[in-house]
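To keep things clear, I will list the structure first and then write my remarks on it.
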Amino acid sequence: MSSQKRPMYSDAARAAAEELNLSQGKANLEAFAATLQKLAEADPSVLAVVSDSRGSGKLKPFGQARVQQIVEMGIAEQNLVGVAAGLASTGRKTFAVSPACFLTARSLEQIKNDVCYSDNPVTLIGISAGVSYGALGSTHHSLHDFAALRAIHNLDIVAPADNFETDAAVRYATEAPHPVYIRFGKLPLYDLPGRNQPFARGRARLLRDGSDVALLATGEAVPHALFAGHRLEIEHGISCRVLSVPFVNPLDEEAVSAAARECRALVTVEEHMVHGGLGEACASLLMHKGISLPFKAVGIPYEDTVTGSQADIFFHYGITTEGLLDTAMELIRKAES
């Protein structure tokens, strides 16, 4: 990769954000920590269980302000999840916070048995998710978490796209009677439109409507999809529907089916391996419903991930405004042929 530092958003993407009157918020991790602290101040049963991760999880202020509501487990992710499950079984509202790559790999058995099978309403917080760790490479990337966790019954899987979705997801998880997994990256994100739509379990958010092509994205890939949709209309006259899909499980089957029936092509976008993630979930749904149209799942292909920053990796695999615009145009041409 280039030695020059690549920005996450290109000039064209930033111009689109300005034209859409979008401002940049905080990193979702910071929004998560702020919301969790507010909830803990109002409810002493809210607990953060951490694996030497209060710094990377932005929970140092929480730990200083709510000393009795944070449990330090050290770098022992299996213990982290087991203890969180035990605390949840006594009525505590536990948030188990650890890097997503370790939380969903080292602790998979505990997630499966102690949390999900035992129906303990733990909220699993995967921090620095996707390729947030950049050049630390495959050992620190969590490109498997959707796939692994979708195969486990009784677990919501959520990837918020902005601070609004983050705040709503954390509040939702606090009251959910079942386990929830939420993943967060590290970069500041744009505050997206659609806040008038309620955040609800298994529901997507419509960010812009359209009928030519649909871009369905989750997590930190969503702003790129929105900016691509804006440029498709401004530069090419292509009507683009953009959905933020915070719930990878349960999937908004109604919104996905409607997008496929009402548009001529469909693209899914995710910071995850294309195997087992949002793209495959949507493809499976559409195949089972007998809906056929030009389709592309954009994400990390089945290969050793290139080395570089998060922005470098997004650029390499086309998870950018320009890359998604090109992919959408390619599918529209296929639909017209």
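So you can find residues: chains in the structure tokens are A, B, ... in the order shown, residues in each start at 1, and ligands are numbered from 1 in order.
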
Mind checking DSSP for stretch 63-304 of chain A and telling me the strand (DSSP E) residues as a tab-separated table (two decimals) with C-alpha atoms, in the first residue's frame?
```tsv
chain	number	residue	atom	x	y	z
A	70	ILE	CA	-17.04	-1.92	36.45
A	71	VAL	CA	-15.44	-5.35	36.71
A	72	GLU	CA	-11.89	-5.86	35.45
A	93	LYS	CA	-27.47	-5.59	33.04
A	94	THR	CA	-23.99	-6.58	31.94
A	95	PHE	CA	-21.93	-5.22	29.05
A	96	ALA	CA	-18.93	-7.42	28.21
A	97	VAL	CA	-16.42	-5.18	26.42
A	98	SER	CA	-13.45	-6.53	24.47
A	99	PRO	CA	-11.83	-6.24	21.01
A	123	THR	CA	-24.69	-7.37	25.82
A	124	LEU	CA	-21.45	-8.30	24.05
A	125	ILE	CA	-19.56	-5.22	22.87
A	126	GLY	CA	-17.01	-5.89	20.14
A	127	ILE	CA	-14.70	-2.87	19.97
A	156	ASP	CA	-29.17	-10.15	18.04
A	157	ILE	CA	-26.27	-8.83	15.92
A	158	VAL	CA	-26.04	-5.06	15.55
A	180	VAL	CA	-27.18	-8.84	22.02
A	181	TYR	CA	-23.88	-8.37	20.16
A	182	ILE	CA	-22.91	-4.83	19.09
A	183	ARG	CA	-19.75	-4.03	17.14
A	188	PRO	CA	-15.51	9.47	13.86
A	189	LEU	CA	-18.62	9.00	11.75
A	190	TYR	CA	-21.04	11.32	9.99
A	205	ARG	CA	-33.40	2.80	8.23
A	206	LEU	CA	-34.23	4.38	4.88
A	207	LEU	CA	-31.59	7.08	4.26
A	208	ARG	CA	-32.70	7.94	0.73
A	213	VAL	CA	-30.41	0.55	-7.64
A	214	ALA	CA	-30.43	-0.19	-3.91
A	215	LEU	CA	-27.38	0.04	-1.65
A	216	LEU	CA	-27.86	-1.88	1.62
A	217	ALA	CA	-25.04	-1.23	4.06
A	240	CYS	CA	-30.58	5.15	-5.70
A	241	ARG	CA	-32.20	3.75	-2.57
A	242	VAL	CA	-29.87	3.60	0.45
A	243	LEU	CA	-30.66	1.58	3.56
A	244	SER	CA	-28.73	1.45	6.79
A	247	PHE	CA	-29.50	-5.41	12.54
A	248	VAL	CA	-27.61	-8.09	10.65
A	249	ASN	CA	-29.69	-10.49	12.75
A	265	ALA	CA	-30.16	-3.96	-9.00
A	266	LEU	CA	-29.00	-4.44	-5.42
A	267	VAL	CA	-25.63	-4.03	-3.70
A	268	THR	CA	-24.80	-4.97	-0.10
A	269	VAL	CA	-21.87	-3.33	1.67
A	270	GLU	CA	-20.12	-4.46	4.84
A	271	GLU	CA	-16.81	-4.34	6.70
A	272	HIS	CA	-16.76	-8.12	6.92
A	273	MET	CA	-15.80	-11.16	4.91
A	295	PHE	CA	-26.71	-8.48	-7.18
A	296	LYS	CA	-23.28	-7.81	-5.69
A	297	ALA	CA	-21.99	-8.33	-2.15
A	298	VAL	CA	-19.20	-5.83	-1.45
A	299	GLY	CA	-16.92	-6.62	1.46
A	300	ILE	CA	-13.65	-8.42	2.10
```

TODO: as a PyMOL selection string, list the residues of stretch 133-167 of chain A assigned to helix (DSSP H, G or I) by DSSP on the backbone atoms of this structure.
DONE: chain A and resi 134-136+138-140+145-150+163-167

Selected residues written out, N, CA and C atoms, as a PDB file, in the first residue's frame:
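In the end it all went to again01.pdb:
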```pdb
ATOM      1  N   GLY A 134      -6.338  -1.884  11.378  1.00  0.00           N
ATOM      2  CA  GLY A 134      -5.494  -1.552  10.230  1.00  0.00           C
ATOM      3  C   GLY A 134      -4.310  -2.478  10.043  1.00  0.00           C
ATOM      4  N   ALA A 135      -3.106  -1.892  10.100  1.00  0.00           N
ATOM      5  CA  ALA A 135      -1.887  -2.621   9.755  1.00  0.00           C
ATOM      6  C   ALA A 135      -1.497  -3.693  10.761  1.00  0.00           C
ATOM      7  N   LEU A 136      -2.189  -3.807  11.892  1.00  0.00           N
ATOM      8  CA  LEU A 136      -1.926  -4.935  12.790  1.00  0.00           C
ATOM      9  C   LEU A 136      -2.317  -6.252  12.132  1.00  0.00           C
ATOM     10  N   SER A 138      -4.430  -9.475  10.044  1.00  0.00           N
ATOM     11  CA  SER A 138      -5.506 -10.456  10.160  1.00  0.00           C
ATOM     12  C   SER A 138      -5.729 -10.952  11.580  1.00  0.00           C
ATOM     13  N   THR A 139      -4.683 -11.026  12.388  1.00  0.00           N
ATOM     14  CA  THR A 139      -4.863 -11.497  13.768  1.00  0.00           C
ATOM     15  C   THR A 139      -5.770 -10.557  14.557  1.00  0.00           C
ATOM     16  N   HIS A 140      -5.817  -9.286  14.155  1.00  0.00           N
ATOM     17  CA  HIS A 140      -6.597  -8.297  14.892  1.00  0.00           C
ATOM     18  C   HIS A 140      -7.859  -7.843  14.156  1.00  0.00           C
ATOM     19  N   ASP A 145     -17.013 -12.224  12.549  1.00  0.00           N
ATOM     20  CA  ASP A 145     -17.952 -12.189  13.665  1.00  0.00           C
ATOM     21  C   ASP A 145     -19.405 -12.345  13.232  1.00  0.00           C
ATOM     22  N   PHE A 146     -19.824 -11.674  12.141  1.00  0.00           N
ATOM     23  CA  PHE A 146     -21.199 -11.859  11.672  1.00  0.00           C
ATOM     24  C   PHE A 146     -21.444 -13.327  11.351  1.00  0.00           C
ATOM     25  N   ALA A 147     -20.512 -13.923  10.605  1.00  0.00           N
ATOM     26  CA  ALA A 147     -20.688 -15.302  10.147  1.00  0.00           C
ATOM     27  C   ALA A 147     -20.773 -16.269  11.324  1.00  0.00           C
ATOM     28  N   ALA A 148     -19.837 -16.137  12.262  1.00  0.00           N
ATOM     29  CA  ALA A 148     -19.818 -17.057  13.406  1.00  0.00           C
ATOM     30  C   ALA A 148     -21.053 -16.886  14.279  1.00  0.00           C
ATOM     31  N   LEU A 149     -21.433 -15.647  14.535  1.00  0.00           N
ATOM     32  CA  LEU A 149     -22.523 -15.398  15.481  1.00  0.00           C
ATOM     33  C   LEU A 149     -23.897 -15.600  14.860  1.00  0.00           C
ATOM     34  N   ARG A 150     -24.003 -15.430  13.537  1.00  0.00           N
ATOM     35  CA  ARG A 150     -25.290 -15.711  12.885  1.00  0.00           C
ATOM     36  C   ARG A 150     -25.654 -17.184  12.990  1.00  0.00           C
ATOM     37  N   ASN A 163     -23.732   7.846  15.491  1.00  0.00           N
ATOM     38  CA  ASN A 163     -23.914   8.017  16.935  1.00  0.00           C
ATOM     39  C   ASN A 163     -25.374   7.818  17.353  1.00  0.00           C
ATOM     40  N   PHE A 164     -26.307   8.204  16.486  1.00  0.00           N
ATOM     41  CA  PHE A 164     -27.722   8.001  16.783  1.00  0.00           C
ATOM     42  C   PHE A 164     -28.039   6.516  16.918  1.00  0.00           C
ATOM     43  N   GLU A 165     -27.606   5.720  15.938  1.00  0.00           N
ATOM     44  CA  GLU A 165     -27.862   4.285  16.003  1.00  0.00           C
ATOM     45  C   GLU A 165     -27.143   3.659  17.192  1.00  0.00           C
ATOM     46  N   THR A 166     -25.959   4.181  17.525  1.00  0.00           N
ATOM     47  CA  THR A 166     -25.211   3.654  18.670  1.00  0.00           C
ATOM     48  C   THR A 166     -25.966   3.884  19.968  1.00  0.00           C
ATOM     49  N   ASP A 167     -26.378   5.114  20.202  1.00  0.00           N
ATOM     50  CA  ASP A 167     -27.123   5.437  21.417  1.00  0.00           C
ATOM     51  C   ASP A 167     -28.385   4.580  21.515  1.00  0.00           C
TER      52      ASP A 167
END
```

TODO: Identify, on the basis of only C-alpha atoms, every residue whose closest approach to stretch 282-292 of chain A does not exceed 9 Å; exclude the query and any residue fewer than 6 positions from it along the same chain; express the result as a list of chain:residue names.
DONE: A:Leu251, A:Glu253, A:Val256, A:Ser257, A:Ala260, A:Arg261, A:Thr268

Quick one: write out the picked residues with N, CA and C atoms as an mmCIF file, in the first residue's frame?
```
data_model
loop_
_atom_site.group_PDB
_atom_site.id
_atom_site.type_symbol
_atom_site.label_atom_id
_atom_site.label_comp_id
_atom_site.auth_asym_id
_atom_site.auth_seq_id
_atom_site.Cartn_x
_atom_site.Cartn_y
_atom_site.Cartn_z
ATOM 1 N N LEU A 251 -32.663 -9.928 10.426
ATOM 2 C CA LEU A 251 -32.614 -9.094 9.229
ATOM 3 C C LEU A 251 -33.996 -8.508 8.941
ATOM 4 N N GLU A 253 -36.375 -8.404 6.712
ATOM 5 C CA GLU A 253 -36.731 -9.122 5.493
ATOM 6 C C GLU A 253 -37.670 -8.305 4.613
ATOM 7 N N VAL A 256 -35.548 -5.535 2.785
ATOM 8 C CA VAL A 256 -34.657 -6.130 1.782
ATOM 9 C C VAL A 256 -35.466 -6.614 0.581
ATOM 10 N N SER A 257 -36.576 -7.288 0.844
ATOM 11 C CA SER A 257 -37.419 -7.797 -0.250
ATOM 12 C C SER A 257 -37.994 -6.660 -1.068
ATOM 13 N N ALA A 260 -35.397 -5.180 -3.380
ATOM 14 C CA ALA A 260 -35.113 -6.050 -4.523
ATOM 15 C C ALA A 260 -36.250 -6.037 -5.538
ATOM 16 N N ARG A 261 -37.481 -5.943 -5.069
ATOM 17 C CA ARG A 261 -38.625 -5.938 -5.988
ATOM 18 C C ARG A 261 -38.805 -4.589 -6.684
ATOM 19 N N THR A 268 -24.987 -4.998 -1.552
ATOM 20 C CA THR A 268 -24.803 -4.967 -0.101
ATOM 21 C C THR A 268 -23.365 -4.554 0.196
#
```

Per residue of stretch 130-176 of chain A within 10 Å of stretch 36-56 of chain A, note the shortest atom pair and the distance in Å to one decimal, counting only C-alpha atoms, and order the rows by chain and increasing residue number, as a tab-separated table.
```
residue	atom	partner	partner_atom	distance
A:Asp167	CA	A:Leu36	CA	8.6
A:Val170	CA	A:Leu36	CA	7.2
A:Arg171	CA	A:Leu39	CA	7.9
A:Thr174	CA	A:Val46	CA	7.9
```

Could you turn the residues from that selection into a file that holds C-alpha atoms, as a PDB file, in the first residue's frame?
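Output saved as result00.pdb:
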```pdb
ATOM      1  CA  ASP A 167     -27.123   5.437  21.417  1.00  0.00           C
ATOM      2  CA  VAL A 170     -27.139   0.525  23.644  1.00  0.00           C
ATOM      3  CA  ARG A 171     -30.459   1.625  25.156  1.00  0.00           C
ATOM      4  CA  THR A 174     -30.112  -2.589  28.162  1.00  0.00           C
TER       5      THR A 174
END
```

Task: Nearby residues (only C-alpha atoms) at most 12 Å from A:Tyr302, same-chain spacing under 5 positions excluded, as JSON, numbers by chain - done: {"A": [143, 144, 272, 273, 274, 275, 276, 317]}

How about saving the chosen residues, C-alpha atoms kept, as a PDB file, in the first residue's frame?
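After the write, part.pdb holds the following:
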```pdb
ATOM      1  CA  LEU A 143     -14.087 -10.253   9.633  1.00  0.00           C
ATOM      2  CA  HIS A 144     -15.649 -13.456  10.913  1.00  0.00           C
ATOM      3  CA  HIS A 272     -16.765  -8.119   6.923  1.00  0.00           C
ATOM      4  CA  MET A 273     -15.797 -11.163   4.912  1.00  0.00           C
ATOM      5  CA  VAL A 274     -18.312 -11.652   2.091  1.00  0.00           C
ATOM      6  CA  HIS A 275     -18.790 -15.205   3.400  1.00  0.00           C
ATOM      7  CA  GLY A 276     -21.516 -15.376   6.034  1.00  0.00           C
ATOM      8  CA  TYR A 317     -11.785  -3.553  -1.791  1.00  0.00           C
TER       9      TYR A 317
END
```

Open item on the list: Give me the residues near stretch 318-324 of chain A as a count of residues only, where near means some atom within 7 Å (using only C-alpha atoms) and where sequence neighbours in that chain fewer than 2 positions away do not count.
Closed with: 14

TODO: Find the residues near A:Gly82: any atom within 7 Å, counting only C-alpha atoms, skip ones fewer than 3 places away on the same chain, and give them as a list of chain:residue names.
DONE: A:Gln78, A:Asn79, A:Ala85, A:Gly86, A:Gln110, A:Asp114

Task: Top pick for closest residue to A:Gly91, considering A:Gly63, A:Gly130, A:Gly277, A:Pro177 and counting only C-alpha atoms - done: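 The closest residue to A:Gly91 is A:Pro177.
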
Open item on the list: At a cut-off of 6 Å, using only C-alpha atoms, what residues contact A:Ser211? Leave out same-chain residues fewer than 6 positions from it and give the result as a list in words.
Closed with: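 That gives Ser239, Glu262 and Cys263 of chain A.
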
So that I have them on file, write out the residues from the current selection with C-alpha atoms, as a tab-separated table (two decimals), in the first residue's frame.
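The file below, result13.tsv, is the result:
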```tsv
chain	number	residue	atom	x	y	z
A	239	SER	CA	-32.23	6.87	-8.66
A	262	GLU	CA	-38.74	-2.17	-6.48
A	263	CYS	CA	-35.19	-1.59	-7.78
```

Task: For atom CA of A:Asn120 and atom CA of A:Glu30, the interatomic separation in Å (one decimal) - done: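 Atom CA of A:Asn120 sits 25.9 Å away from atom CA of A:Glu30.
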
Task: For A:Ala76, the nearest of the candidates A:Leu103, A:Ala169, A:Ala176, A:Leu108, counting only C-alpha atoms - done: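 Closest to A:Ala76, using only C-alpha atoms: A:Leu103.
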
Task: Counting only C-alpha atoms, the option among A:Ser309, A:Val83, A:Ala159, A:Ile234 closest to A:Leu20 - done: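 Nearest to A:Leu20: A:Ile234.
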
TODO: Would you mind reading off the distance between atom CA of A:Ala34 and atom CA of A:Lys58, one decimal, in Å?
DONE: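 Between atom CA of A:Ala34 and atom CA of A:Lys58 the gap is 8.7 Å.
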
Task: Among listed residues A:Val67, A:Leu59, A:Val115, A:Met329, nearest A:Phe32 (using only C-alpha atoms) - done: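 Using only C-alpha atoms, A:Phe32 sits closest to A:Leu59.
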
TODO: Could you jot down the atom CA of A:Ala255 to atom CA of A:Gly202 separation for me, Å, one decimal place?
DONE: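 Pair atom CA of A:Ala255 / atom CA of A:Gly202 returns 10.0 Å.
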